[in-house]
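K.L.:
Have a peek at start21.cif (mmCIF, C-alpha atoms).
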data_structure
#
loop_
_atom_site.group_PDB
_atom_site.id
_atom_site.type_symbol
_atom_site.label_atom_id
_atom_site.label_comp_id
_atom_site.auth_asym_id
_atom_site.auth_seq_id
_atom_site.Cartn_x
_atom_site.Cartn_y
_atom_site.Cartn_z
ATOM 1 C CA MET A 373 -3.151 67.734 -17.073
ATOM 2 C CA ALA A 374 -2.914 64.450 -19.046
ATOM 3 C CA ASP A 375 -5.824 62.016 -19.206
ATOM 4 C CA HIS A 376 -4.832 58.800 -17.377
ATOM 5 C CA ARG A 377 -7.750 56.792 -18.675
ATOM 6 C CA THR A 378 -6.879 54.366 -21.419
ATOM 7 C CA THR A 379 -9.045 53.339 -24.281
ATOM 8 C CA PRO A 380 -10.120 49.718 -24.773
ATOM 9 C CA ALA A 381 -7.835 49.519 -27.791
ATOM 10 C CA ALA A 382 -4.884 50.689 -25.698
ATOM 11 C CA ARG A 383 -5.656 48.145 -22.978
ATOM 12 C CA LEU A 384 -5.899 45.407 -25.599
ATOM 13 C CA ALA A 385 -2.565 46.424 -27.115
ATOM 14 C CA LYS A 386 -0.957 46.351 -23.653
ATOM 15 C CA LEU A 387 -2.461 42.909 -22.969
ATOM 16 C CA GLN A 388 -1.181 41.643 -26.333
ATOM 17 C CA GLU A 389 2.324 42.734 -25.323
ATOM 18 C CA LYS A 390 2.105 40.608 -22.171
ATOM 19 C CA ILE A 391 0.253 37.693 -23.737
ATOM 20 C CA SER A 392 3.439 35.594 -24.050
ATOM 21 C CA THR A 393 3.992 35.797 -20.302
ATOM 22 C CA TYR A 394 0.372 34.980 -19.505
ATOM 23 C CA ALA A 395 0.325 32.138 -22.021
ATOM 24 C CA ALA A 396 3.550 30.699 -20.560
ATOM 25 C CA LEU A 397 2.143 30.804 -17.024
ATOM 26 C CA THR A 398 -1.115 29.269 -18.159
ATOM 27 C CA THR A 399 0.752 26.545 -20.040
ATOM 28 C CA ALA A 400 2.859 25.662 -17.005
ATOM 29 C CA ILE A 401 -0.176 25.353 -14.746
ATOM 30 C CA VAL A 402 -2.245 23.435 -17.280
ATOM 31 C CA ALA A 403 0.682 21.122 -18.082
ATOM 32 C CA ALA A 404 0.964 20.240 -14.390
ATOM 33 C CA LEU A 405 -2.769 19.514 -14.251
ATOM 34 C CA ALA A 406 -2.500 17.424 -17.424
ATOM 35 C CA ALA A 407 0.385 15.420 -15.952
ATOM 36 C CA ILE A 408 -1.541 14.712 -12.740
ATOM 37 C CA SER A 409 -4.651 13.745 -14.686
ATOM 38 C CA SER A 410 -2.652 11.528 -17.032
ATOM 39 C CA LEU A 411 -0.999 9.732 -14.128
ATOM 40 C CA MET A 412 -4.354 9.150 -12.476
ATOM 41 C CA THR A 413 -5.863 7.979 -15.778
ATOM 42 C CA ALA A 414 -3.201 5.290 -16.002
ATOM 43 C CA ARG A 415 -3.787 4.286 -12.370
ATOM 44 C CA TYR A 416 -7.547 3.885 -12.744
ATOM 45 C CA SER A 417 -7.221 2.223 -16.134
ATOM 46 C CA GLY A 418 -4.821 -0.297 -14.603
ATOM 47 C CA ARG A 419 -7.221 -0.936 -11.734
ATOM 48 C CA ALA A 420 -10.053 -1.479 -14.212
ATOM 49 C CA THR A 421 -7.995 -4.021 -16.133
ATOM 50 C CA SER A 422 -6.894 -5.776 -12.952
ATOM 51 C CA GLU A 423 -10.458 -6.077 -11.680
ATOM 52 C CA LEU A 424 -11.616 -7.328 -15.075
ATOM 53 C CA VAL A 425 -8.976 -10.075 -15.036
ATOM 54 C CA ARG A 426 -9.972 -10.965 -11.468
ATOM 55 C CA ALA A 427 -13.640 -11.122 -12.506
ATOM 56 C CA SER A 428 -12.754 -13.342 -15.462
ATOM 57 C CA ASN A 429 -10.868 -15.699 -13.148
ATOM 58 C CA TYR A 430 -13.843 -15.880 -10.789
ATOM 59 C CA TRP A 431 -16.219 -16.587 -13.674
ATOM 60 C CA ASN A 432 -13.929 -19.369 -14.903
ATOM 61 C CA TYR A 433 -13.864 -20.847 -11.409
ATOM 62 C CA TYR A 434 -17.657 -20.550 -11.257
ATOM 63 C CA GLN A 435 -17.948 -22.464 -14.536
ATOM 64 C CA ALA A 436 -15.650 -25.193 -13.230
ATOM 65 C CA LYS A 437 -17.860 -25.569 -10.153
ATOM 66 C CA SER A 438 -20.920 -25.648 -12.418
ATOM 67 C CA LEU A 439 -19.374 -28.517 -14.406
ATOM 68 C CA LYS A 440 -18.766 -30.438 -11.167
ATOM 69 C CA THR A 441 -22.393 -29.812 -10.234
ATOM 70 C CA TYR A 442 -23.641 -31.107 -13.590
ATOM 71 C CA ILE A 443 -21.414 -34.187 -13.323
ATOM 72 C CA LEU A 444 -22.802 -35.015 -9.882
ATOM 73 C CA ILE A 445 -26.378 -34.508 -11.096
ATOM 74 C CA SER A 446 -25.710 -36.710 -14.135
ATOM 75 C CA GLU A 447 -24.174 -39.428 -11.953
ATOM 76 C CA LYS A 448 -27.207 -39.300 -9.663
ATOM 77 C CA GLU A 449 -29.571 -39.645 -12.630
ATOM 78 C CA ILE A 450 -27.587 -42.519 -14.175
ATOM 79 C CA ILE A 451 -27.405 -44.375 -10.866
ATOM 80 C CA GLY A 452 -31.150 -43.829 -10.371
ATOM 81 C CA ALA A 453 -31.853 -45.072 -13.915
ATOM 82 C CA LEU A 454 -29.896 -48.250 -13.159
ATOM 83 C CA GLY A 455 -32.206 -48.853 -10.204
ATOM 84 C CA LYS A 456 -29.543 -48.148 -7.597
ATOM 85 C CA THR A 457 -29.699 -45.669 -4.739
ATOM 86 C CA PRO A 458 -27.465 -42.588 -5.081
ATOM 87 C CA LYS A 459 -24.981 -41.919 -2.293
ATOM 88 C CA ALA A 460 -26.267 -39.624 0.453
ATOM 89 C CA GLU A 461 -22.964 -37.789 0.483
ATOM 90 C CA ASP A 462 -23.544 -36.700 -3.142
ATOM 91 C CA ALA A 463 -26.518 -34.594 -2.026
ATOM 92 C CA VAL A 464 -24.290 -32.926 0.585
ATOM 93 C CA LYS A 465 -21.625 -32.338 -2.080
ATOM 94 C CA LEU A 466 -24.238 -30.792 -4.383
ATOM 95 C CA GLU A 467 -25.427 -28.470 -1.654
ATOM 96 C CA ALA A 468 -21.861 -27.432 -0.836
ATOM 97 C CA LEU A 469 -21.102 -26.845 -4.527
ATOM 98 C CA GLU A 470 -24.195 -24.650 -4.934
ATOM 99 C CA LYS A 471 -23.223 -22.590 -1.892
ATOM 100 C CA GLU A 472 -19.678 -22.253 -3.176
ATOM 101 C CA LYS A 473 -20.939 -21.229 -6.626
ATOM 102 C CA GLN A 474 -23.043 -18.456 -5.104
ATOM 103 C CA GLU A 475 -20.027 -17.111 -3.188
ATOM 104 C CA ILE A 476 -17.880 -17.213 -6.317
ATOM 105 C CA LYS A 477 -20.623 -15.535 -8.350
ATOM 106 C CA ALA A 478 -20.878 -12.712 -5.802
ATOM 107 C CA LYS A 479 -17.110 -12.144 -5.981
ATOM 108 C CA ALA A 480 -17.189 -12.197 -9.804
ATOM 109 C CA GLU A 481 -20.027 -9.686 -9.913
ATOM 110 C CA ALA A 482 -18.255 -7.422 -7.393
ATOM 111 C CA SER A 483 -15.030 -7.505 -9.426
ATOM 112 C CA THR A 484 -16.957 -6.774 -12.624
ATOM 113 C CA ALA A 485 -18.658 -3.793 -10.960
ATOM 114 C CA ASN A 486 -15.321 -2.515 -9.614
ATOM 115 C CA SER A 487 -13.824 -2.802 -13.081
ATOM 116 C CA GLU A 488 -16.662 -0.772 -14.584
ATOM 117 C CA VAL A 489 -16.374 1.952 -11.930
ATOM 118 C CA ASN A 490 -12.615 2.245 -12.423
ATOM 119 C CA ALA A 491 -13.012 2.321 -16.212
ATOM 120 C CA LYS A 492 -15.553 5.162 -15.938
ATOM 121 C CA LEU A 493 -13.224 7.125 -13.658
ATOM 122 C CA ALA A 494 -10.330 6.590 -16.080
ATOM 123 C CA HIS A 495 -12.525 7.812 -18.941
ATOM 124 C CA ILE A 496 -13.444 11.005 -17.059
ATOM 125 C CA LEU A 497 -9.756 11.675 -16.380
ATOM 126 C CA ALA A 498 -8.868 10.976 -20.022
ATOM 127 C CA ASP A 499 -11.388 13.636 -21.062
ATOM 128 C CA ALA A 500 -9.723 16.074 -18.644
ATOM 129 C CA VAL A 501 -6.296 15.276 -20.117
ATOM 130 C CA THR A 502 -7.598 15.874 -23.645
ATOM 131 C CA LEU A 503 -9.013 19.284 -22.747
ATOM 132 C CA PHE A 504 -5.809 20.232 -20.922
ATOM 133 C CA GLN A 505 -3.767 19.298 -24.012
ATOM 134 C CA ILE A 506 -6.000 21.422 -26.239
ATOM 135 C CA ALA A 507 -5.606 24.283 -23.751
ATOM 136 C CA ILE A 508 -1.818 23.957 -23.924
ATOM 137 C CA ALA A 509 -1.885 24.028 -27.731
ATOM 138 C CA ASN A 510 -4.074 27.138 -27.743
ATOM 139 C CA ALA A 511 -1.850 28.873 -25.182
ATOM 140 C CA ALA A 512 1.170 28.158 -27.381
ATOM 141 C CA LEU A 513 -0.688 29.600 -30.355
ATOM 142 C CA ALA A 514 -1.577 32.686 -28.320
ATOM 143 C CA ALA A 515 2.061 33.222 -27.435
ATOM 144 C CA LEU A 516 3.170 32.781 -31.047
ATOM 145 C CA VAL A 517 0.634 35.043 -32.714
ATOM 146 C CA LYS A 518 0.151 37.345 -29.691
ATOM 147 C CA ARG A 519 -3.625 37.138 -29.873
ATOM 148 C CA VAL A 520 -5.686 37.399 -26.718
ATOM 149 C CA GLY A 521 -8.514 35.405 -28.287
ATOM 150 C CA PHE A 522 -6.403 32.245 -28.486
ATOM 151 C CA TRP A 523 -5.383 32.660 -24.865
ATOM 152 C CA LEU A 524 -9.024 33.084 -23.794
ATOM 153 C CA VAL A 525 -9.961 29.939 -25.732
ATOM 154 C CA SER A 526 -7.073 28.206 -23.966
ATOM 155 C CA LEU A 527 -8.484 29.285 -20.609
ATOM 156 C CA GLY A 528 -11.883 27.926 -21.666
ATOM 157 C CA PHE A 529 -10.469 24.509 -22.497
ATOM 158 C CA ALA A 530 -8.456 24.520 -19.264
ATOM 159 C CA ALA A 531 -11.638 25.316 -17.343
ATOM 160 C CA GLY A 532 -13.326 22.378 -19.080
ATOM 161 C CA GLY A 533 -10.443 20.120 -18.035
ATOM 162 C CA VAL A 534 -10.709 21.363 -14.464
ATOM 163 C CA GLY A 535 -14.448 20.680 -14.640
ATOM 164 C CA PHE A 536 -13.841 17.055 -15.614
ATOM 165 C CA PHE A 537 -11.207 16.726 -12.890
ATOM 166 C CA VAL A 538 -13.598 18.089 -10.254
ATOM 167 C CA TYR A 539 -16.303 15.751 -11.573
ATOM 168 C CA PHE A 540 -13.853 12.880 -11.144
ATOM 169 C CA LEU A 541 -13.132 13.943 -7.555
ATOM 170 C CA MET A 542 -16.863 14.110 -6.808
ATOM 171 C CA ARG A 543 -17.304 10.531 -8.062
ATOM 172 C CA LEU A 544 -14.699 9.108 -5.655
#
Just give me the structure as structure tokens.
P.N.:
Amino acid sequence: MADHRTTPAARLAKLQEKISTYAALTTAIVAALAAISSLMTARYSGRATSELVRASNYWNYYQAKSLKTYILISEKEIIGALGKTPKAEDAVKLEALEKEKQEIKAKAEASTANSEVNAKLAHILADAVTLFQIAIANAALAALVKRVGFWLVSLGFAAGGVGFFVYFLMRL
């Protein structure tokens, strides 16, 4: 009766024969994950840029309101120095400007924070894309040279990419 057990060397040789198929399957799956991650990287990067522009606009508006405030204060001081009484409505205008500035400042700070969050998310996804690309390159190498080690390294990089992607999902 023949011995049906195979030696580790025989199993390795059999695996090396099939490595092209395994590498191709791995590459297809990892390429899909890389494409999804890349698309999402662009989306979150765009959001970060958009929020940063919005924040910049709010800060510019805040500065314009600050200039109006300083002009009113200067007018009040000049009128007082000339021995005249400042208009009562100027005090109301100053109060309204200060309130408006605080609202604008809150919006600017919120947009800045949103920009930073989106930029961090885009960075996490970019790391995932990088690891997926390295995994694809290693899988291609494994298929070319028919070495299991390259394929295993490819799986390791793919797992790292999946890890970053899961980390991204947890941060949402």
K.L.:
Quick one: of A:Leu497, A:Ala485, A:Ala511, A:Leu541, who's nearest to A:Leu527, counting all atoms listed in the file?
P.N.:
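That would be A:Ala511, the residue with the smallest distance to A:Leu527.
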K.L.:
Can you measure atom CA of A:Glu389 to atom CA of A:Ala509 for me? One decimal in Å is fine.
P.N.:
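Value for the atom CA of A:Glu389-atom CA of A:Ala509 distance: 19.3 Å.
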K.L.:
Would you be able to write out as a ChimeraX atom specification which residues have an atom within 12 Å of (0.2, 23.8, -19.8) in the file's coordinates, counting all atoms listed in the file?
P.N.:
/A:394-408,501-512,523,526-527,529-530,533
K.L.:
Using only C-alpha atoms, which protein or nucleic acid residues come within 12 Å of A:Thr421? Drop anything in the same chain fewer than 2 positions from it, and give the result as an mmCIF file with C-alpha atoms, in the coordinates of the input.
P.N.:
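Written file, result-v3.cif:
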data_model
loop_
_atom_site.group_PDB
_atom_site.id
_atom_site.type_symbol
_atom_site.label_atom_id
_atom_site.label_comp_id
_atom_site.auth_asym_id
_atom_site.auth_seq_id
_atom_site.Cartn_x
_atom_site.Cartn_y
_atom_site.Cartn_z
ATOM 1 C CA ALA A 414 -3.201 5.290 -16.002
ATOM 2 C CA ARG A 415 -3.787 4.286 -12.370
ATOM 3 C CA TYR A 416 -7.547 3.885 -12.744
ATOM 4 C CA SER A 417 -7.221 2.223 -16.134
ATOM 5 C CA GLY A 418 -4.821 -0.297 -14.603
ATOM 6 C CA ARG A 419 -7.221 -0.936 -11.734
ATOM 7 C CA GLU A 423 -10.458 -6.077 -11.680
ATOM 8 C CA LEU A 424 -11.616 -7.328 -15.075
ATOM 9 C CA VAL A 425 -8.976 -10.075 -15.036
ATOM 10 C CA ARG A 426 -9.972 -10.965 -11.468
ATOM 11 C CA ALA A 427 -13.640 -11.122 -12.506
ATOM 12 C CA SER A 428 -12.754 -13.342 -15.462
ATOM 13 C CA SER A 483 -15.030 -7.505 -9.426
ATOM 14 C CA THR A 484 -16.957 -6.774 -12.624
ATOM 15 C CA ALA A 485 -18.658 -3.793 -10.960
ATOM 16 C CA ASN A 486 -15.321 -2.515 -9.614
ATOM 17 C CA SER A 487 -13.824 -2.802 -13.081
ATOM 18 C CA GLU A 488 -16.662 -0.772 -14.584
ATOM 19 C CA VAL A 489 -16.374 1.952 -11.930
ATOM 20 C CA ASN A 490 -12.615 2.245 -12.423
ATOM 21 C CA ALA A 491 -13.012 2.321 -16.212
ATOM 22 C CA LYS A 492 -15.553 5.162 -15.938
ATOM 23 C CA ALA A 494 -10.330 6.590 -16.080
#
K.L.:
Just give me the gap between atom CA of A:Lys479 and atom CA of A:Lys437 in Å, one decimal is fine.
P.N.:
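Between these atoms lies a distance of 14.1 Å.
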K.L.:
Could you give me, as a PDB file with C-alpha atoms, in the coordinates of the input, the residues within 6 Å of A:Ala480, counting only C-alpha atoms and dropping anything in the same chain fewer than 2 positions from it?
P.N.:
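Produced file out.pdb, reproduced below:
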ATOM      1  CA  ALA A 427     -13.640 -11.122 -12.506  1.00  0.00           C
ATOM      2  CA  TYR A 430     -13.843 -15.880 -10.789  1.00  0.00           C
ATOM      3  CA  TRP A 431     -16.219 -16.587 -13.674  1.00  0.00           C
ATOM      4  CA  LYS A 477     -20.623 -15.535  -8.350  1.00  0.00           C
ATOM      5  CA  ALA A 478     -20.878 -12.712  -5.802  1.00  0.00           C
ATOM      6  CA  ALA A 482     -18.255  -7.422  -7.393  1.00  0.00           C
ATOM      7  CA  SER A 483     -15.030  -7.505  -9.426  1.00  0.00           C
TER       8      SER A 483
END
K.L.:
Atom CA of A:Ala420 and atom CA of A:Tyr433 are how many Å apart?
P.N.:
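Distance reported for this atom pair: 19.9 Å.
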K.L.:
Between A:Ala498, A:Val525, A:Val520, A:Leu444, single out the one closest to A:Met412, counting only C-alpha atoms.
P.N.:
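Selected residue with least distance to A:Met412: A:Ala498.
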K.L.:
Residues at most 9 Å from A:Leu466, counting all atoms listed in the file, excluding those fewer than 6 positions away in the same chain, as a PyMOL selection string?
P.N.:
chain A and resi 440-441+444-445
K.L.:
Write a file of the just-selected residues containing C-alpha atoms, as a compact mmCIF listing (two decimals), in the coordinates of the input.
P.N.:
# COMPACT_ATOMS: atom_id res chain seq x y z
CA LYS A 440 -18.77 -30.44 -11.17
CA THR A 441 -22.39 -29.81 -10.23
CA LEU A 444 -22.80 -35.02 -9.88
CA ILE A 445 -26.38 -34.51 -11.10
K.L.:
Calculate, to one decimal in Å, the centre and edge lengths of the box along x, y and z of the file that holds all listed atoms of stretch 443-450 of chain A with 4 Å of margin on each side, and present them as JSON.
P.N.:
{"center_x": -25.5, "center_y": -38.4, "center_z": -11.9, "size_x": 16.2, "size_y": 16.3, "size_z": 12.5}
K.L.:
Using all atoms listed in the file, which residue out of A:Ala468, A:Ala515, A:Ala500, A:Leu493 lies closest to A:Ser438?
P.N.:
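Among A:Ala468, A:Ala515, A:Ala500, A:Leu493, it is A:Ala468 that comes nearest to A:Ser438.
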K.L.:
Would you list the contacts of stretch 382-386 of chain A as a VMD selection string, taking every protein, DNA or RNA residue within 10 Å and counting only C-alpha atoms, but skipping same-chain residues closer than 4 positions in sequence?
P.N.:
chain A and resid 377 to 378 390 to 391 518 to 520
